[in-house]
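Trainee: Got a structure for you, written out below as structure tokens; questions coming shortly.
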Amino acid sequence: MISLEKLKEIKENTKISHPEKLEPTDDIQVKIALRNCGVIDPSNINEYIARDGYFALYKVLSEYSGQDVVDVITESLLRGRGGAGFPTGVKWQTALDYDVDQKYIICNADEGDPGAYMDRSILEFDPHAVLEAMAICGYAIGSNQGYIYVRAEYPKAVESLKIAINQAEEMGFLGNNIMDTGFSFNIELRLGSGAFVCGESTALMESIEGKRGMPRVKIFRTAYKGLWQKPTVINNVETLANVPVIINKGAKWYRSIGTEKSPGTKVFSLVGDVKKSGLIEVPMGTTLRQIIYDLGDGIEGDKKLKAVQTGGPSGGCIPAKFLDSSVDYETLKELDSIMGSGGMVVMDENTCMVDIARFFLEFTCDESCGKCVPCREGTKRILEILENIVAGKAQEEDLDTLMDLSELVTETSLCGLGQSAAFPVISTMKYYKDEYLEHIRNKHCPAGTCKALVSYKIEDNCIGCGTCKRNCPVGCISGEKKQKHHIDQDVCIKCGTCLSVCPIKPKAVVKG
């Protein structure tokens, strides 16, 4: 079995693949969860050890009791990075307190938010961080079995995990009698088929048990009765990736980063109408302005910022006026949004907020498992109203129905998917109600994106070049050469091709 001396020898004699990437290229980011991503070769366990890998596991096995480990995690105030922000130490303590013959650890790697790839990147580029953290958690609560629930559509992550598990077993970090301490811990992979609802803890456990992935009624916390009705700790990938660093550097160090109630860092997938998209990791409390303009380099095309949507498809849309708000659990809640797993969608001035709400409701409606009536039927009715609004078929009283349904679904749905499904509607109704009214009263989309409420026409400065006529996919444009052309509104499909190809400046084709 590997000794501390051997670990130190490997660390001293191993060169990492990309030492030049150790430090962020800006003054804002702090890498904890992403500390090894892009720095080490994920298929080489020695490079992970060279970055202090498995030293935390050795430390807890040789110096700490299970309660000592839980105390450190509790003191650190590490909160779940999968969305809810539940204190990790409280979850571990609950499982530790139950004296039963079997307990389980589950890593929730079922990352399903559109445009989000935080957890996938950690699994692909730093899988040992998750394995080490799961072993530490297993020792802390008295568990000998862990499962990683990962999407089958992440083949690179799955392959990376398989390699890492085999290497950890060969070197004695997983398996029986780890480091001659008498502690045994094994990890198995379970592949999900891509259902968004399986990111919910009880639906995930149902899937691991071989059943259809549908949420359970939460009579008991999963830390008391979870997988096969045994105490189960479920943490997501990013949460676990923080654990070895906290053990090595201490709870006090971790709490020195971020805010008082939300310490540490958070990984975000910055996407949308931003010049520089990608993964970032910033201390909690970093402002939206710093994230979008300092790290993201501002809005694409130097347009104005309209909104930021945080928390994935179930998050709220935050207006540009709150650009200097800090990103932490408490502040986002006050703004009617959520942290979620870390998706952050930037939207420019040409975004229709009604259509954005419709887009996300369409996603959650499709992903509803159908078990409870509020989510199964409520999301459909909400989506119907939104589709009528963007089609110019809604009445003003429909807005009252829309809010009543949104509140009903939020308050009565069985699981977190349904309980947060209406957040995009609630937040856009709060901050952008004027856009809803404009769609209904004037049959007009201010952003010009709702096709049913948009029309294209050719202005008097048309030179009759025929470019729009030649490119129109349905042939709805007519006119003689060097004369003003005309669009047949009854045939036009409102694709916008005529506007995009018009060579005149200012454009002869306008959208109204």
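Residues are named by chain letter and number: chains run A, B, ... in the order of the structure tokens, numbers start at 1 in each chain, and ligands are numbered from 1 in the order shown.
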Could you pull out the alpha helix (DSSP H) residues of region 11-51 of chain A, going by DSSP on the backbone, and write them as a PyMOL selection string?

Mentor: chain A and resi 11-13+45-50

Trainee: With N, CA and C atoms retained, could you export that selection as a PDB file, in the first residue's frame?

Mentor:
```
ATOM      1  N   LYS A  11       5.217  13.301  -5.842  1.00  0.00           N
ATOM      2  CA  LYS A  11       4.978  14.741  -6.002  1.00  0.00           C
ATOM      3  C   LYS A  11       6.256  15.464  -6.431  1.00  0.00           C
ATOM      4  N   GLU A  12       7.377  15.119  -5.838  1.00  0.00           N
ATOM      5  CA  GLU A  12       8.635  15.809  -6.125  1.00  0.00           C
ATOM      6  C   GLU A  12       9.192  15.460  -7.500  1.00  0.00           C
ATOM      7  N   ASN A  13       8.924  14.241  -7.953  1.00  0.00           N
ATOM      8  CA  ASN A  13       9.563  13.757  -9.176  1.00  0.00           C
ATOM      9  C   ASN A  13       8.667  13.803 -10.412  1.00  0.00           C
ATOM     10  N   ILE A  45      -2.297   9.606 -12.996  1.00  0.00           N
ATOM     11  CA  ILE A  45      -2.567   9.826 -11.571  1.00  0.00           C
ATOM     12  C   ILE A  45      -1.401  10.510 -10.869  1.00  0.00           C
ATOM     13  N   ASN A  46      -0.188  10.300 -11.372  1.00  0.00           N
ATOM     14  CA  ASN A  46       0.980  10.931 -10.744  1.00  0.00           C
ATOM     15  C   ASN A  46       0.919  12.453 -10.839  1.00  0.00           C
ATOM     16  N   GLU A  47       0.371  12.969 -11.938  1.00  0.00           N
ATOM     17  CA  GLU A  47       0.250  14.427 -12.070  1.00  0.00           C
ATOM     18  C   GLU A  47      -0.766  14.979 -11.074  1.00  0.00           C
ATOM     19  N   TYR A  48      -1.814  14.206 -10.801  1.00  0.00           N
ATOM     20  CA  TYR A  48      -2.770  14.643  -9.769  1.00  0.00           C
ATOM     21  C   TYR A  48      -2.089  14.667  -8.405  1.00  0.00           C
ATOM     22  N   ILE A  49      -1.275  13.643  -8.132  1.00  0.00           N
ATOM     23  CA  ILE A  49      -0.553  13.600  -6.854  1.00  0.00           C
ATOM     24  C   ILE A  49       0.423  14.770  -6.760  1.00  0.00           C
ATOM     25  N   ALA A  50       1.041  15.132  -7.879  1.00  0.00           N
ATOM     26  CA  ALA A  50       1.978  16.257  -7.896  1.00  0.00           C
ATOM     27  C   ALA A  50       1.305  17.570  -7.527  1.00  0.00           C
TER      28      ALA A  50
END
```

Trainee: Using DSSP on the backbone coordinates, identify the residues of region 58-118 of chain A assigned to strand (DSSP E or B); present them as a VMD selection string.

Mentor: chain A and resid 79 87 104 to 109

Trainee: Which is closer to Tyr224 (chain A) than all the others in A:Ala95, A:Ala357, A:Ala391, A:Leu34, using only C-alpha atoms?

Mentor: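 Using only C-alpha atoms, Tyr224 (chain A) sits closest to A:Ala95.
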
Trainee: Do you know which residues are at most 10 Å from Phe183 (chain A) counting only C-alpha atoms, after dropping those on the same chain fewer than 5 positions away, and could you put them as a PyMOL selection string?

Mentor: chain A and resi 61+135+138-139+142-144+174-178

Trainee: Export, as a compact mmCIF listing (two decimals), in the first residue's frame, the selected residues with N, CA and C atoms.

Mentor:
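Saved to part.txt:
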```txt
# COMPACT_ATOMS: atom_id res chain seq x y z
N LEU A 61 -7.33 9.81 6.96
CA LEU A 61 -7.23 8.41 7.39
C LEU A 61 -6.23 8.23 8.52
N ALA A 135 -14.11 9.31 -1.35
CA ALA A 135 -13.49 8.45 -0.35
C ALA A 135 -13.43 9.13 1.01
N GLY A 138 -16.86 9.04 2.38
CA GLY A 138 -17.16 7.69 2.83
C GLY A 138 -16.56 7.39 4.19
N TYR A 139 -15.31 7.79 4.39
CA TYR A 139 -14.67 7.61 5.69
C TYR A 139 -15.38 8.42 6.77
N GLY A 142 -18.91 6.74 7.43
CA GLY A 142 -18.93 5.30 7.63
C GLY A 142 -19.55 4.54 6.49
N SER A 143 -19.20 4.91 5.26
CA SER A 143 -19.72 4.24 4.07
C SER A 143 -18.58 3.55 3.32
N ASN A 144 -18.89 2.41 2.72
CA ASN A 144 -17.87 1.70 1.94
C ASN A 144 -18.22 1.63 0.45
N LEU A 174 -8.46 3.39 -3.60
CA LEU A 174 -9.81 2.82 -3.56
C LEU A 174 -9.67 1.31 -3.38
N GLY A 175 -10.72 0.70 -2.86
CA GLY A 175 -10.70 -0.75 -2.68
C GLY A 175 -10.69 -1.13 -1.21
N ASN A 176 -10.08 -2.26 -0.91
CA ASN A 176 -10.06 -2.77 0.46
C ASN A 176 -8.82 -2.31 1.21
N ASN A 177 -9.00 -2.03 2.49
CA ASN A 177 -7.90 -1.68 3.39
C ASN A 177 -7.03 -0.58 2.81
N ILE A 178 -7.64 0.56 2.54
CA ILE A 178 -6.94 1.69 1.93
C ILE A 178 -5.84 2.21 2.85
```

Trainee: With distances taken over only C-alpha atoms, which residue among A:Asp434, A:Glu200, A:Asp71, A:Glu407 lies nearest Arg216 (chain A)?

Mentor: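 For Arg216 (chain A), the nearest of the given residues is A:Glu200.
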
Trainee: As an exercise, work out the distance from CA of Val237 (chain A) to CA of Ala109 (chain A) in Å and give it to one decimal place.

Mentor: 5.9 Å

Trainee: Which region 347-388 of chain A residues have any atom within 12 Å of an atom of region 272-281 of chain A, and for each, what is the nearest pair of atoms with distance in Å to one decimal, counting only C-alpha atoms, rows sorted by chain and number, as JSON lines?

Mentor:
```
{"residue": "A:Met347", "atom": "CA", "partner": "A:Asp273", "partner_atom": "CA", "distance": 5.4}
{"residue": "A:Asp348", "atom": "CA", "partner": "A:Asp273", "partner_atom": "CA", "distance": 6.0}
{"residue": "A:Glu349", "atom": "CA", "partner": "A:Asp273", "partner_atom": "CA", "distance": 9.6}
{"residue": "A:Asn350", "atom": "CA", "partner": "A:Asp273", "partner_atom": "CA", "distance": 9.9}
{"residue": "A:Thr351", "atom": "CA", "partner": "A:Asp273", "partner_atom": "CA", "distance": 9.6}
```

Trainee: Tell me which of A:Ile28, A:Ala140, A:Pro42, A:Glu384 sits closest to Gly285 (chain A), counting only C-alpha atoms.

Mentor: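 That would be A:Ile28, the residue with the smallest distance to Gly285 (chain A).
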
Trainee: Sort by chain and increasing residue number a table of all residues of region 141-219 of chain A within 9 Å of region 414-417 of chain A, each with its closest pair of atoms and their distance in Å to one decimal, counting only C-alpha atoms, and write it as a Markdown table.

Mentor:
```
| residue | atom | partner | partner_atom | distance |
| --- | --- | --- | --- | --- |
| A:Phe196 | CA | A:Leu417 | CA | 8.7 |
| A:Val197 | CA | A:Leu417 | CA | 6.8 |
| A:Glu200 | CA | A:Gly416 | CA | 6.9 |
| A:Thr202 | CA | A:Cys415 | CA | 8.8 |
| A:Pro215 | CA | A:Cys415 | CA | 6.4 |
| A:Arg216 | CA | A:Leu414 | CA | 7.9 |
| A:Val217 | CA | A:Leu414 | CA | 6.8 |
| A:Lys218 | CA | A:Leu414 | CA | 8.6 |
```

Trainee: Choose the residue, out of A:Ser326, A:Gln309, A:Thr364, A:Thr449, that has the smallest atom-to-atom separation from Ile338 (chain A); count only C-alpha atoms.

Mentor: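 Among the listed residues, the smallest separation from Ile338 (chain A) belongs to A:Gln309.
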
Trainee: Pick out the residues sitting within 12 Å of Gln290 (chain A), and hand them over as an MDAnalysis selection string; count only C-alpha atoms, and ignore anything fewer than 6 positions along from it in its own chain.

Mentor: chainID A and resid 26:29 280 282:284 296:298 323:327

Trainee: Please save all heavy atoms of the selected residues as a tab-separated table (two decimals), in the first residue's frame.

Mentor:
```tsv
chain	number	residue	atom	x	y	z
A	26	ASP	N	-6.27	36.69	-15.14
A	26	ASP	CA	-6.93	37.93	-14.71
A	26	ASP	C	-6.84	38.02	-13.20
A	26	ASP	O	-6.35	37.13	-12.52
A	26	ASP	CB	-8.40	37.93	-15.16
A	26	ASP	CG	-9.13	36.67	-14.72
A	26	ASP	OD1	-9.45	36.56	-13.53
A	26	ASP	OD2	-9.37	35.77	-15.56
A	27	ASP	N	-7.33	39.15	-12.68
A	27	ASP	CA	-7.24	39.40	-11.23
A	27	ASP	C	-8.51	39.03	-10.49
A	27	ASP	O	-8.63	39.29	-9.29
A	27	ASP	CB	-6.93	40.88	-10.98
A	27	ASP	CG	-5.59	41.30	-11.56
A	27	ASP	OD1	-4.67	40.45	-11.58
A	27	ASP	OD2	-5.48	42.46	-12.02
A	28	ILE	N	-9.47	38.43	-11.16
A	28	ILE	CA	-10.76	38.16	-10.55
A	28	ILE	C	-10.93	36.69	-10.17
A	28	ILE	O	-11.41	36.37	-9.08
A	28	ILE	CB	-11.90	38.59	-11.50
A	28	ILE	CG1	-11.79	40.07	-11.81
A	28	ILE	CG2	-13.26	38.27	-10.89
A	28	ILE	CD1	-12.78	40.56	-12.85
A	29	GLN	N	-10.51	35.81	-11.05
A	29	GLN	CA	-10.75	34.40	-10.82
A	29	GLN	C	-9.87	33.81	-9.72
A	29	GLN	O	-8.72	34.21	-9.55
A	29	GLN	CB	-10.54	33.60	-12.11
A	29	GLN	CG	-11.52	33.94	-13.22
A	29	GLN	CD	-11.48	32.92	-14.33
A	29	GLN	OE1	-11.99	31.82	-14.17
A	29	GLN	NE2	-10.89	33.29	-15.45
A	280	ILE	N	-15.74	29.97	-16.02
A	280	ILE	CA	-15.01	30.86	-15.13
A	280	ILE	C	-15.24	30.39	-13.70
A	280	ILE	O	-16.25	29.74	-13.41
A	280	ILE	CB	-15.47	32.33	-15.26
A	280	ILE	CG1	-16.97	32.45	-14.94
A	280	ILE	CG2	-15.17	32.88	-16.65
A	280	ILE	CD1	-17.47	33.87	-14.84
A	282	VAL	N	-15.10	32.16	-9.92
A	282	VAL	CA	-14.91	33.43	-9.21
A	282	VAL	C	-15.34	33.28	-7.75
A	282	VAL	O	-16.17	32.44	-7.41
A	282	VAL	CB	-15.73	34.56	-9.87
A	282	VAL	CG1	-15.23	34.85	-11.28
A	282	VAL	CG2	-17.23	34.22	-9.90
A	283	PRO	N	-14.77	34.12	-6.86
A	283	PRO	CA	-15.22	34.10	-5.47
A	283	PRO	C	-16.69	34.51	-5.37
A	283	PRO	O	-17.17	35.37	-6.13
A	283	PRO	CB	-14.32	35.14	-4.80
A	283	PRO	CG	-13.13	35.26	-5.70
A	283	PRO	CD	-13.65	35.03	-7.08
A	284	MET	N	-17.41	33.90	-4.46
A	284	MET	CA	-18.77	34.32	-4.18
A	284	MET	C	-18.75	35.81	-3.81
A	284	MET	O	-17.88	36.26	-3.07
A	284	MET	CB	-19.36	33.52	-3.03
A	284	MET	CG	-19.66	32.08	-3.37
A	284	MET	SD	-21.13	31.93	-4.39
A	284	MET	CE	-21.41	30.17	-4.25
A	296	GLY	N	-15.98	38.48	-19.35
A	296	GLY	CA	-16.64	38.20	-20.63
A	296	GLY	C	-16.37	39.24	-21.70
A	296	GLY	O	-16.81	39.08	-22.84
A	297	ASP	N	-15.68	40.32	-21.33
A	297	ASP	CA	-15.28	41.37	-22.28
A	297	ASP	C	-16.46	42.11	-22.88
A	297	ASP	O	-16.35	42.70	-23.95
A	297	ASP	CB	-14.41	40.78	-23.40
A	297	ASP	CG	-13.52	41.84	-24.05
A	297	ASP	OD1	-13.22	42.85	-23.39
A	297	ASP	OD2	-13.17	41.66	-25.22
A	298	GLY	N	-17.61	42.08	-22.20
A	298	GLY	CA	-18.74	42.88	-22.66
A	298	GLY	C	-19.67	42.15	-23.61
A	298	GLY	O	-19.54	40.96	-23.87
A	323	LEU	N	-26.79	45.26	-12.35
A	323	LEU	CA	-25.50	44.79	-12.83
A	323	LEU	C	-24.44	44.79	-11.74
A	323	LEU	O	-23.49	43.99	-11.77
A	323	LEU	CB	-25.04	45.68	-13.99
A	323	LEU	CG	-23.88	45.21	-14.85
A	323	LEU	CD1	-24.17	43.85	-15.46
A	323	LEU	CD2	-23.58	46.23	-15.95
A	324	ASP	N	-24.58	45.65	-10.76
A	324	ASP	CA	-23.58	45.72	-9.68
A	324	ASP	C	-23.94	44.86	-8.48
A	324	ASP	O	-23.31	44.97	-7.42
A	324	ASP	CB	-23.37	47.17	-9.25
A	324	ASP	CG	-22.69	47.99	-10.34
A	324	ASP	OD1	-21.65	47.53	-10.85
A	324	ASP	OD2	-23.21	49.07	-10.70
A	325	SER	N	-24.94	44.00	-8.63
A	325	SER	CA	-25.31	43.08	-7.56
A	325	SER	C	-24.27	41.97	-7.45
A	325	SER	O	-23.72	41.51	-8.46
A	325	SER	CB	-26.68	42.45	-7.83
A	325	SER	OG	-27.69	43.44	-7.89
A	326	SER	N	-24.00	41.54	-6.23
A	326	SER	CA	-23.04	40.45	-6.03
A	326	SER	C	-23.71	39.11	-6.30
A	326	SER	O	-24.92	38.94	-6.09
A	326	SER	CB	-22.49	40.48	-4.60
A	326	SER	OG	-23.52	40.22	-3.66
A	327	VAL	N	-22.93	38.18	-6.79
A	327	VAL	CA	-23.44	36.85	-7.09
A	327	VAL	C	-23.20	35.95	-5.89
A	327	VAL	O	-22.09	35.46	-5.65
A	327	VAL	CB	-22.76	36.27	-8.34
A	327	VAL	CG1	-23.28	34.87	-8.63
A	327	VAL	CG2	-23.00	37.17	-9.55
```

Trainee: Given the choices A:Gly213, A:Gly370, A:Gly83, A:Gly112, which gets closest to Leu332 (chain A) if the distance is worked out from only C-alpha atoms?

Mentor: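 Between A:Gly213, A:Gly370, A:Gly83, A:Gly112, the residue approaching Leu332 (chain A) most closely is A:Gly83.
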
Trainee: Near Gly496 (chain A), counting only C-alpha atoms, which residues have an atom at most 12 Å away, once you skip same-chain residues fewer than 6 positions from it, shown as a list of chain:residue names?

Mentor: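 Answer for this query is A:Gly448, A:Thr449, A:Cys450, A:Lys451, A:Val454, A:Ser455, A:Tyr456, A:Lys457, A:Cys468, A:Asn471, A:Cys472, A:Pro473, A:Val474, A:Ile487, A:Cys502, A:Val509, A:Val510, A:Lys511, A:Gly512.
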
Trainee: With all heavy atoms retained, write the just-selected residues as a short mmCIF file (atom, residue, chain, number, x, y, z; two decimals), in the first residue's frame.

Mentor:
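Full text of result.cif as output:
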```
data_model
loop_
_atom_site.label_atom_id
_atom_site.label_comp_id
_atom_site.auth_asym_id
_atom_site.auth_seq_id
_atom_site.Cartn_x
_atom_site.Cartn_y
_atom_site.Cartn_z
N GLY A 448 -38.52 42.68 -31.75
CA GLY A 448 -38.62 42.26 -33.13
C GLY A 448 -38.23 40.82 -33.38
O GLY A 448 -37.74 40.48 -34.46
N THR A 449 -38.44 39.94 -32.37
CA THR A 449 -38.06 38.54 -32.53
C THR A 449 -39.25 37.59 -32.62
O THR A 449 -39.08 36.46 -33.07
CB THR A 449 -37.16 38.09 -31.36
OG1 THR A 449 -37.86 38.26 -30.12
CG2 THR A 449 -35.87 38.90 -31.33
N CYS A 450 -40.41 38.00 -32.19
CA CYS A 450 -41.60 37.14 -32.25
C CYS A 450 -42.18 37.22 -33.66
O CYS A 450 -42.77 38.24 -34.05
CB CYS A 450 -42.63 37.56 -31.21
SG CYS A 450 -42.05 37.38 -29.51
N LYS A 451 -42.01 36.17 -34.44
CA LYS A 451 -42.33 36.20 -35.87
C LYS A 451 -43.77 36.62 -36.16
O LYS A 451 -44.04 37.34 -37.13
CB LYS A 451 -42.06 34.83 -36.49
CG LYS A 451 -40.58 34.55 -36.72
CD LYS A 451 -40.40 33.28 -37.52
CE LYS A 451 -38.94 33.04 -37.84
NZ LYS A 451 -38.75 31.83 -38.68
N VAL A 454 -44.15 40.40 -36.22
CA VAL A 454 -43.15 41.13 -36.98
C VAL A 454 -43.52 41.13 -38.46
O VAL A 454 -44.09 40.16 -38.96
CB VAL A 454 -41.75 40.48 -36.80
CG1 VAL A 454 -40.76 41.06 -37.79
CG2 VAL A 454 -41.24 40.71 -35.38
N SER A 455 -43.24 42.20 -39.14
CA SER A 455 -43.42 42.25 -40.60
C SER A 455 -42.22 42.97 -41.22
O SER A 455 -41.58 43.80 -40.58
CB SER A 455 -44.72 42.98 -40.96
OG SER A 455 -44.66 44.33 -40.52
N TYR A 456 -41.93 42.63 -42.46
CA TYR A 456 -40.84 43.25 -43.20
C TYR A 456 -41.41 44.07 -44.36
O TYR A 456 -42.36 43.63 -45.02
CB TYR A 456 -39.88 42.19 -43.73
CG TYR A 456 -39.13 41.45 -42.64
CD1 TYR A 456 -39.68 40.33 -42.04
CD2 TYR A 456 -37.88 41.89 -42.21
CE1 TYR A 456 -39.00 39.65 -41.04
CE2 TYR A 456 -37.19 41.23 -41.21
CZ TYR A 456 -37.76 40.11 -40.62
OH TYR A 456 -37.09 39.46 -39.62
N LYS A 457 -40.84 45.23 -44.55
CA LYS A 457 -41.29 46.06 -45.67
C LYS A 457 -40.09 46.73 -46.31
O LYS A 457 -39.03 46.88 -45.69
CB LYS A 457 -42.31 47.09 -45.23
CG LYS A 457 -41.79 48.16 -44.29
CD LYS A 457 -42.88 49.17 -43.98
CE LYS A 457 -42.36 50.28 -43.05
NZ LYS A 457 -43.39 51.31 -42.79
N CYS A 468 -32.69 40.93 -52.65
CA CYS A 468 -33.68 40.34 -51.75
C CYS A 468 -34.59 39.38 -52.50
O CYS A 468 -34.94 38.30 -52.01
CB CYS A 468 -34.48 41.42 -51.05
SG CYS A 468 -35.38 42.54 -52.15
N ASN A 471 -32.90 36.01 -53.20
CA ASN A 471 -32.59 35.21 -52.01
C ASN A 471 -33.82 34.80 -51.20
O ASN A 471 -33.70 33.97 -50.29
CB ASN A 471 -31.62 35.96 -51.09
CG ASN A 471 -30.20 35.98 -51.65
OD1 ASN A 471 -29.45 35.03 -51.46
ND2 ASN A 471 -29.85 37.06 -52.34
N CYS A 472 -34.98 35.37 -51.50
CA CYS A 472 -36.19 35.03 -50.74
C CYS A 472 -36.53 33.55 -50.93
O CYS A 472 -36.74 33.10 -52.06
CB CYS A 472 -37.36 35.91 -51.19
SG CYS A 472 -38.91 35.50 -50.33
N PRO A 473 -36.62 32.77 -49.86
CA PRO A 473 -36.86 31.32 -50.00
C PRO A 473 -38.27 30.96 -50.45
O PRO A 473 -38.50 29.84 -50.91
CB PRO A 473 -36.58 30.78 -48.59
CG PRO A 473 -36.85 31.93 -47.69
CD PRO A 473 -36.42 33.15 -48.44
N VAL A 474 -39.22 31.89 -50.33
CA VAL A 474 -40.61 31.58 -50.72
C VAL A 474 -41.08 32.42 -51.90
O VAL A 474 -42.24 32.35 -52.29
CB VAL A 474 -41.57 31.75 -49.52
CG1 VAL A 474 -41.27 30.72 -48.45
CG2 VAL A 474 -41.51 33.17 -48.95
N ILE A 487 -43.07 43.40 -50.85
CA ILE A 487 -43.16 42.09 -50.17
C ILE A 487 -44.63 41.73 -50.02
O ILE A 487 -45.43 42.53 -49.50
CB ILE A 487 -42.48 42.14 -48.79
CG1 ILE A 487 -40.99 42.46 -48.94
CG2 ILE A 487 -42.66 40.82 -48.05
CD1 ILE A 487 -40.26 42.64 -47.62
N CYS A 502 -29.82 42.66 -47.86
CA CYS A 502 -29.97 43.98 -48.48
C CYS A 502 -28.65 44.75 -48.41
O CYS A 502 -28.10 44.97 -47.33
CB CYS A 502 -31.06 44.78 -47.79
SG CYS A 502 -31.30 46.43 -48.48
N VAL A 509 -34.64 47.39 -46.57
CA VAL A 509 -35.61 46.50 -45.92
C VAL A 509 -35.57 46.78 -44.42
O VAL A 509 -34.50 46.83 -43.81
CB VAL A 509 -35.26 45.02 -46.18
CG1 VAL A 509 -36.30 44.12 -45.52
CG2 VAL A 509 -35.20 44.74 -47.67
N VAL A 510 -36.72 46.98 -43.84
CA VAL A 510 -36.82 47.25 -42.40
C VAL A 510 -37.78 46.27 -41.75
O VAL A 510 -38.70 45.75 -42.37
CB VAL A 510 -37.28 48.70 -42.12
CG1 VAL A 510 -36.26 49.70 -42.66
CG2 VAL A 510 -38.67 48.96 -42.72
N LYS A 511 -37.54 46.03 -40.47
CA LYS A 511 -38.39 45.15 -39.68
C LYS A 511 -39.25 45.99 -38.75
O LYS A 511 -38.72 46.85 -38.04
CB LYS A 511 -37.54 44.15 -38.88
CG LYS A 511 -38.34 43.21 -38.02
CD LYS A 511 -37.56 42.03 -37.48
CE LYS A 511 -36.23 42.31 -36.89
NZ LYS A 511 -35.65 41.13 -36.23
N GLY A 512 -40.55 45.73 -38.76
CA GLY A 512 -41.42 46.54 -37.92
C GLY A 512 -42.37 45.70 -37.11
O GLY A 512 -42.33 44.50 -37.17
#
```

Trainee: Using only C-alpha atoms, which of the listed residues (A:Gly264, A:Pro155, A:Glu111, A:Asp490) sits closest to Gly194 (chain A)?

Mentor: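 That would be A:Glu111, the residue with the smallest distance to Gly194 (chain A).
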
Trainee: Just the residues within 7 Å of Asp126 (chain A), please, counting only C-alpha atoms, with nothing from its chain fewer than 4 positions along; format it as a ChimeraX atom specification.

Mentor: /A:36-37,42,122

Trainee: Pick out the residues sitting within 10 Å of Lys59 (chain A), and hand them over as a PyMOL selection string; count only C-alpha atoms, and ignore anything fewer than 2 positions along from it in its own chain.

Mentor: chain A and resi 4+54-57+61-64+136+244+247-248

Trainee: Would you compute the distance between CA of Glu132 (chain A) and CA of Met344 (chain A)? Give it in Å to one decimal.

Mentor: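 Straight-line distance from CA of Glu132 (chain A) to CA of Met344 (chain A) works out to 28.6 Å.
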